[in-house]
file start-v6.tsv (TSV, C-alpha atoms)
chain	number	residue	atom	x	y	z
A	1	VAL	CA	136.61	-159.29	68.90
A	2	ASN	CA	133.59	-157.00	68.91
A	3	HIS	CA	131.02	-158.61	71.16
A	4	GLY	CA	128.56	-155.86	70.31
A	5	ILE	CA	127.38	-157.96	67.36
A	6	ARG	CA	127.13	-161.12	69.43
A	7	GLN	CA	123.56	-162.24	69.92
A	8	LYS	CA	121.78	-164.02	72.76
A	9	LYS	CA	122.97	-167.32	71.33
A	10	VAL	CA	125.26	-170.07	72.54
A	11	CYS	CA	126.74	-172.59	70.17
A	12	TYR	CA	127.54	-176.23	70.15
A	13	ILE	CA	129.66	-177.25	67.19
A	14	GLY	CA	130.62	-180.87	66.63
A	15	SER	CA	129.18	-184.36	66.69
A	16	VAL	CA	125.67	-184.11	68.15
A	17	THR	CA	125.22	-186.99	70.60
A	18	LYS	CA	123.56	-187.65	73.94
A	19	ALA	CA	126.95	-188.42	75.51
A	20	ARG	CA	128.16	-184.96	74.48
A	21	GLY	CA	125.30	-183.36	76.38
A	22	ILE	CA	122.90	-182.34	73.63
A	23	ILE	CA	119.71	-182.93	75.63
A	24	GLU	CA	120.97	-180.91	78.61
A	25	ASN	CA	122.21	-178.15	76.28
A	26	VAL	CA	118.86	-177.84	74.47
A	27	ARG	CA	117.00	-177.62	77.79
A	28	ALA	CA	119.53	-175.29	79.46
A	29	ALA	CA	119.62	-172.81	76.56
A	30	ARG	CA	115.82	-172.63	76.54
A	31	GLN	CA	115.72	-172.24	80.33
A	32	ALA	CA	118.27	-169.41	80.07
A	33	GLY	CA	116.22	-167.70	77.36
A	34	VAL	CA	118.82	-167.90	74.60
A	35	ILE	CA	119.03	-169.62	71.23
A	36	LEU	CA	121.18	-172.75	70.93
A	37	LEU	CA	122.94	-172.62	67.59
A	38	LEU	CA	123.68	-176.21	66.69
A	39	ALA	CA	126.18	-177.19	64.01
A	40	GLY	CA	127.22	-180.74	63.24
A	41	ALA	CA	125.98	-184.19	62.35
A	42	TYR	CA	123.53	-186.11	64.53
A	43	SER	CA	124.73	-189.47	65.78
A	44	PRO	CA	122.71	-191.57	65.37
A	45	PRO	CA	120.78	-189.68	62.66
A	46	SER	CA	117.50	-190.63	64.39
A	47	LEU	CA	118.55	-188.45	67.35
A	48	ARG	CA	117.38	-185.36	65.43
A	49	ASP	CA	113.78	-186.65	65.36
A	50	GLU	CA	113.92	-187.42	69.08
A	51	LEU	CA	115.27	-183.94	69.86
A	52	SER	CA	112.76	-182.18	67.59
A	53	ARG	CA	109.92	-183.65	69.68
A	54	MET	CA	111.23	-181.88	72.80
A	55	GLU	CA	109.29	-178.78	73.88
A	56	GLU	CA	112.60	-176.85	74.19
A	57	TRP	CA	113.58	-177.62	70.57
A	58	LYS	CA	111.87	-174.41	69.41
A	59	GLY	CA	114.87	-172.59	70.93
A	60	VAL	CA	117.31	-174.35	68.60
A	61	GLU	CA	118.72	-172.91	65.39
A	62	GLU	CA	120.21	-175.62	63.20
A	63	ALA	CA	123.19	-174.75	61.04
A	64	GLY	CA	123.86	-178.28	59.76
A	65	PHE	CA	127.36	-179.47	58.96
A	66	LEU	CA	129.65	-176.49	58.34
A	67	ARG	CA	132.87	-175.79	56.46
A	68	ARG	CA	135.70	-174.16	58.45
A	69	ASP	CA	134.93	-170.63	57.22
A	70	GLU	CA	131.26	-171.09	58.12
A	71	VAL	CA	132.19	-172.29	61.63
A	72	VAL	CA	134.07	-169.03	62.22
A	73	ARG	CA	131.08	-167.00	61.02
A	74	VAL	CA	128.66	-168.94	63.26
A	75	MET	CA	130.91	-168.58	66.33
A	76	GLY	CA	131.06	-164.84	65.67
A	77	GLN	CA	127.29	-164.59	66.26
A	78	CYS	CA	127.40	-166.33	69.64
A	79	MET	CA	128.17	-165.21	73.18
A	80	ALA	CA	129.56	-168.58	74.40
A	81	GLY	CA	130.52	-172.05	73.27
A	82	LEU	CA	129.29	-175.22	74.97
A	83	VAL	CA	131.45	-178.25	75.60
A	84	THR	CA	129.49	-180.04	78.32
A	85	LEU	CA	130.37	-183.65	77.61
A	86	HIS	CA	129.16	-186.29	80.06
A	87	GLY	CA	131.59	-187.71	82.60
A	88	TYR	CA	132.95	-190.70	80.71
A	89	GLN	CA	136.58	-191.44	81.56
A	90	SER	CA	137.67	-191.05	77.93
A	91	TYR	CA	136.17	-187.53	77.87
A	92	LYS	CA	137.59	-186.54	81.28
A	93	GLU	CA	141.13	-187.17	80.07
A	94	SER	CA	140.71	-185.64	76.60
A	95	LEU	CA	141.54	-182.16	75.38
A	96	PRO	CA	138.62	-181.37	73.07
A	97	ILE	CA	139.56	-179.40	69.98
A	98	LYS	CA	136.14	-177.74	70.25
A	99	MET	CA	137.16	-176.06	73.54
A	100	PHE	CA	140.27	-174.58	71.93
A	101	GLU	CA	138.33	-173.50	68.83
A	102	TYR	CA	135.93	-171.55	71.06
A	103	MET	CA	138.92	-169.99	72.85
A	104	ALA	CA	140.59	-169.10	69.54
A	105	ALA	CA	137.35	-167.42	68.43
A	106	GLY	CA	137.27	-165.30	71.59
A	107	LEU	CA	134.21	-167.10	72.99
A	108	PRO	CA	133.85	-167.81	76.69
A	109	VAL	CA	133.63	-171.57	77.22
A	110	ILE	CA	130.96	-173.34	79.27
A	111	ALA	CA	132.55	-176.71	79.92
A	112	SER	CA	132.24	-179.86	81.98
A	113	ARG	CA	133.90	-179.56	85.38
A	114	PHE	CA	136.57	-182.21	84.70
A	115	PRO	CA	139.84	-181.56	86.57
A	116	LEU	CA	141.94	-181.14	83.40
A	117	TRP	CA	139.42	-178.81	81.72
A	118	LYS	CA	138.73	-176.90	84.96
A	119	ASN	CA	142.46	-176.27	85.32
A	120	ILE	CA	142.69	-174.77	81.80
A	121	ILE	CA	139.50	-172.71	82.05
A	122	GLU	CA	139.94	-171.40	85.59
A	123	ASN	CA	143.68	-170.70	85.27
A	124	ASN	CA	143.00	-168.67	82.13
A	125	HIS	CA	139.73	-167.09	83.36
A	126	CYS	CA	138.14	-167.97	80.03
A	127	GLY	CA	134.85	-169.57	80.95
A	128	ILE	CA	132.67	-171.36	83.47
A	129	CYS	CA	132.83	-175.01	84.50
A	130	VAL	CA	129.58	-176.82	85.24
A	131	ASP	CA	128.21	-180.23	86.15
A	132	PRO	CA	127.38	-181.54	82.64
A	133	ASP	CA	124.38	-183.45	84.02
A	134	SER	CA	122.84	-180.33	85.59
A	135	ILE	CA	120.54	-178.38	83.28
A	136	GLU	CA	120.28	-175.76	86.04
A	137	GLU	CA	124.06	-175.24	86.28
A	138	ILE	CA	124.44	-174.99	82.50
A	139	ALA	CA	121.49	-172.56	82.29
A	140	SER	CA	122.88	-170.51	85.18
A	141	ALA	CA	126.28	-170.20	83.43
A	142	ILE	CA	124.56	-169.12	80.19
A	143	ARG	CA	122.44	-166.56	82.06
A	144	TYR	CA	125.49	-165.20	83.87
A	145	LEU	CA	127.29	-164.56	80.55
A	146	ALA	CA	124.14	-163.09	78.95
A	147	GLU	CA	123.62	-160.71	81.90
A	148	ASN	CA	127.31	-159.77	82.19
A	149	PRO	CA	128.48	-159.01	78.64
A	150	LEU	CA	131.66	-157.24	79.78
A	151	LYS	CA	132.68	-160.23	81.92
A	152	ALA	CA	131.88	-162.49	78.96
A	153	GLU	CA	134.00	-160.30	76.71
A	154	ASP	CA	136.90	-160.45	79.20
A	155	MET	CA	136.62	-164.25	79.39
A	156	GLY	CA	136.57	-164.46	75.58
A	157	SER	CA	139.65	-162.22	75.31
A	158	ASN	CA	141.45	-164.25	78.00
A	159	GLY	CA	140.68	-167.47	76.13
A	160	ARG	CA	141.92	-166.05	72.86
A	161	ARG	CA	145.13	-164.83	74.51
A	162	ALA	CA	145.68	-168.25	76.15
A	163	PHE	CA	145.08	-169.98	72.83
A	164	ILE	CA	147.58	-167.74	71.03
A	165	HIS	CA	150.29	-167.99	73.69
A	166	GLN	CA	149.82	-171.52	75.06
A	167	TYR	CA	147.39	-173.83	73.30
A	168	ASN	CA	148.38	-174.02	69.67
A	169	TRP	CA	150.85	-175.94	67.55
A	170	GLU	CA	153.29	-173.05	67.16
A	171	ALA	CA	153.45	-172.62	70.95
A	172	GLU	CA	153.86	-176.36	71.57
A	173	PHE	CA	156.36	-177.10	68.80
A	174	PRO	CA	159.57	-175.83	70.52
A	175	GLY	CA	158.86	-177.98	73.60
A	176	LEU	CA	158.18	-181.00	71.46
A	177	LEU	CA	161.39	-180.39	69.57
A	178	ARG	CA	163.35	-180.20	72.87
A	179	LEU	CA	161.74	-183.45	74.04
A	180	TYR	CA	162.72	-185.24	70.81
A	181	GLN	CA	166.24	-183.81	71.04
A	182	HIS	CA	166.54	-185.00	74.65
A	183	MET	CA	165.25	-188.46	73.73
A	184	SER	CA	167.66	-188.62	70.82
A	185	ASP	CA	170.61	-187.54	73.05
A	186	THR	CA	169.62	-190.08	75.71
A	187	ASN	CA	169.58	-192.88	73.14
A	188	LYS	CA	173.09	-191.92	71.93
A	189	SER	CA	174.64	-192.40	75.38
A	190	PRO	CA	177.22	-195.22	75.71
A	191	ARG	CA	175.75	-198.60	76.47
call {"tool": "encode", "arguments": {"input": "start-v6.tsv", "output": "structure tokens"}}
result
Amino acid sequence: VNHGIRQKKVCYIGSVTKARGIIENVRAARQAGVILLLAGAYSPPSLRDELSRMEEWKGVEEAGFLRRDEVVRVMGQCMAGLVTLHGYQSYKESLPIKMFEYMAAGLPVIASRFPLWKNIIENNHCGICVDPDSIEEIASAIRYLAENPLKAEDMGSNGRRAFIHQYNWEAEFPGLLRLYQHMSDTNKSPR
């Protein structure tokens, strides 16, 4: 991926909600001096009006709801992807598709410091984990990537490599097949 064309933009792609950190992301991107490229539907729809009244909103570029091919194009303009969901238990134990989409696109990930996510991101050196409630930590991570484009490019390449070799259906399928085979064999044993 040629990061030379990447701009001083970070993206958030997905359902735009307070619980997924939109307010912190808007403020952090502005504080870091980059554009937040936002793609997705607001939930509730009235959230857009609330956000647009924020002083930091002038640093947001809205892309609306995108088709798959448009998502790829938008990610190609950005230097990092944000997945800074708040610390709800259901989020802490999830594996967000968004994180893997950013990795697949060769984008460094700025993600919530949940143990499961931290393990994936730090073991693969593909991003920075932050406290999702800390505008300062999110802004600091964005600034670090903006000021260190070669490090950002390395992280993006590492994420892409990890996605290709570990975190995709083709990579997971043989293990799943073995599990099913084992379960099937176990169930055939004499009773």
call {"tool": "atom_distance", "arguments": {"input": "start-v6.tsv", "atom1": "CA of Tyr42 in chain A", "atom2": "CA of Gly64 in chain A"}}
result
9.2 Å
call {"tool": "atom_distance", "arguments": {"input": "start-v6.tsv", "atom1": "CA of Met99 in chain A", "atom2": "CA of Leu82 in chain A"}}
result
8.0 Å
call {"tool": "residues_near_point", "arguments": {"input": "start-v6.tsv", "point": "(130.0, -180.8, 78.3)", "cutoff": "9 Å", "atoms": "only C-alpha atoms", "output": "PyMOL selection string"}}
result
chain A and resi 19-22+25+82-87+110-113+129-133
call {"tool": "residues_near_point", "arguments": {"input": "start-v6.tsv", "point": "(128.2, -168.2, 85.3)", "cutoff": "12 Å", "atoms": "all atoms listed in the file", "output": "PDB file with C-alpha atoms, in the frame of the given file"}}
result
ATOM      1  CA  ALA A  32     118.270-169.410  80.070  1.00  0.00           C
ATOM      2  CA  ALA A  80     129.560-168.580  74.400  1.00  0.00           C
ATOM      3  CA  PRO A 108     133.850-167.810  76.690  1.00  0.00           C
ATOM      4  CA  VAL A 109     133.630-171.570  77.220  1.00  0.00           C
ATOM      5  CA  ILE A 110     130.960-173.340  79.270  1.00  0.00           C
ATOM      6  CA  ALA A 111     132.550-176.710  79.920  1.00  0.00           C
ATOM      7  CA  HIS A 125     139.730-167.090  83.360  1.00  0.00           C
ATOM      8  CA  CYS A 126     138.140-167.970  80.030  1.00  0.00           C
ATOM      9  CA  GLY A 127     134.850-169.570  80.950  1.00  0.00           C
ATOM     10  CA  ILE A 128     132.670-171.360  83.470  1.00  0.00           C
ATOM     11  CA  CYS A 129     132.830-175.010  84.500  1.00  0.00           C
ATOM     12  CA  VAL A 130     129.580-176.820  85.240  1.00  0.00           C
ATOM     13  CA  GLU A 136     120.280-175.760  86.040  1.00  0.00           C
ATOM     14  CA  GLU A 137     124.060-175.240  86.280  1.00  0.00           C
ATOM     15  CA  ILE A 138     124.440-174.990  82.500  1.00  0.00           C
ATOM     16  CA  ALA A 139     121.490-172.560  82.290  1.00  0.00           C
ATOM     17  CA  SER A 140     122.880-170.510  85.180  1.00  0.00           C
ATOM     18  CA  ALA A 141     126.280-170.200  83.430  1.00  0.00           C
ATOM     19  CA  ILE A 142     124.560-169.120  80.190  1.00  0.00           C
ATOM     20  CA  ARG A 143     122.440-166.560  82.060  1.00  0.00           C
ATOM     21  CA  TYR A 144     125.490-165.200  83.870  1.00  0.00           C
ATOM     22  CA  LEU A 145     127.290-164.560  80.550  1.00  0.00           C
ATOM     23  CA  ALA A 146     124.140-163.090  78.950  1.00  0.00           C
ATOM     24  CA  GLU A 147     123.620-160.710  81.900  1.00  0.00           C
ATOM     25  CA  ASN A 148     127.310-159.770  82.190  1.00  0.00           C
ATOM     26  CA  PRO A 149     128.480-159.010  78.640  1.00  0.00           C
ATOM     27  CA  LYS A 151     132.680-160.230  81.920  1.00  0.00           C
ATOM     28  CA  ALA A 152     131.880-162.490  78.960  1.00  0.00           C
ATOM     29  CA  MET A 155     136.620-164.250  79.390  1.00  0.00           C
TER      30      MET A 155
END
call {"tool": "residues_around", "arguments": {"input": "start-v6.tsv", "residues": "Pro45 in chain A", "least_positions_apart": "3", "cutoff": "12 Å", "atoms": "only C-alpha atoms", "output": "PyMOL selection string"}}
result
chain A and resi 15-18+40-42+48-51
call {"tool": "closest_residue", "arguments": {"input": "start-v6.tsv", "among": "A:Leu150, A:Leu116, A:Cys11, A:Met103", "to": "Tyr167 in chain A", "atoms": "only C-alpha atoms"}}
result
A:Met103
call {"tool": "closest_residue", "arguments": {"input": "start-v6.tsv", "among": "A:Ala39, A:Pro115, A:Ser134, A:Gly159", "to": "Val71 in chain A", "atoms": "all atoms listed in the file"}}
result
A:Ala39
call {"tool": "atom_distance", "arguments": {"input": "start-v6.tsv", "atom1": "CA of Asn158 in chain A", "atom2": "CA of Asn124 in chain A"}}
result
6.2 Å
call {"tool": "closest_residue", "arguments": {"input": "start-v6.tsv", "among": "A:Ala28, A:Ala105, A:Leu95, A:Val74", "to": "Asn119 in chain A", "atoms": "only C-alpha atoms"}}
result
A:Leu95
call {"tool": "closest_residue", "arguments": {"input": "start-v6.tsv", "among": "A:Ile97, A:Ala63, A:Ile120, A:Ile135", "to": "Val26 in chain A", "atoms": "only C-alpha atoms"}}
result
A:Ile135
call {"tool": "axis_aligned_box", "arguments": {"input": "start-v6.tsv", "around": "range 47-58 of chain A", "padding_each_side": "4 Å", "output": "lines of an AutoDock Vina configuration file"}}
result
center_x = 113.9
center_y = -181.4
center_z = 69.8
size_x = 17.3
size_y = 22.0
size_z = 16.8
call {"tool": "closest_residue", "arguments": {"input": "start-v6.tsv", "among": "A:Glu122, A:Arg178, A:Glu101, A:Ser94", "to": "Arg160 in chain A", "atoms": "only C-alpha atoms"}}
result
A:Glu101
call {"tool": "closest_residue", "arguments": {"input": "start-v6.tsv", "among": "A:Asp69, A:Glu61, A:Glu93, A:Asp154", "to": "Lys8 in chain A", "atoms": "only C-alpha atoms"}}
result
A:Glu61
call {"tool": "residues_around", "arguments": {"input": "start-v6.tsv", "residues": "Glu55 in chain A", "least_positions_apart": "6", "cutoff": "12 Å", "atoms": "only C-alpha atoms", "output": "PyMOL selection string"}}
result
chain A and resi 23+26-27+30-31
call {"tool": "write_last_selection", "arguments": {"input": "start-v6.tsv", "atoms": "C-alpha atoms", "output": "compact mmCIF listing (two decimals), in the coordinates of the input"}}
result
# COMPACT_ATOMS: atom_id res chain seq x y z
CA ILE A 23 119.71 -182.93 75.63
CA VAL A 26 118.86 -177.84 74.47
CA ARG A 27 117.00 -177.62 77.79
CA ARG A 30 115.82 -172.63 76.54
CA GLN A 31 115.72 -172.24 80.33
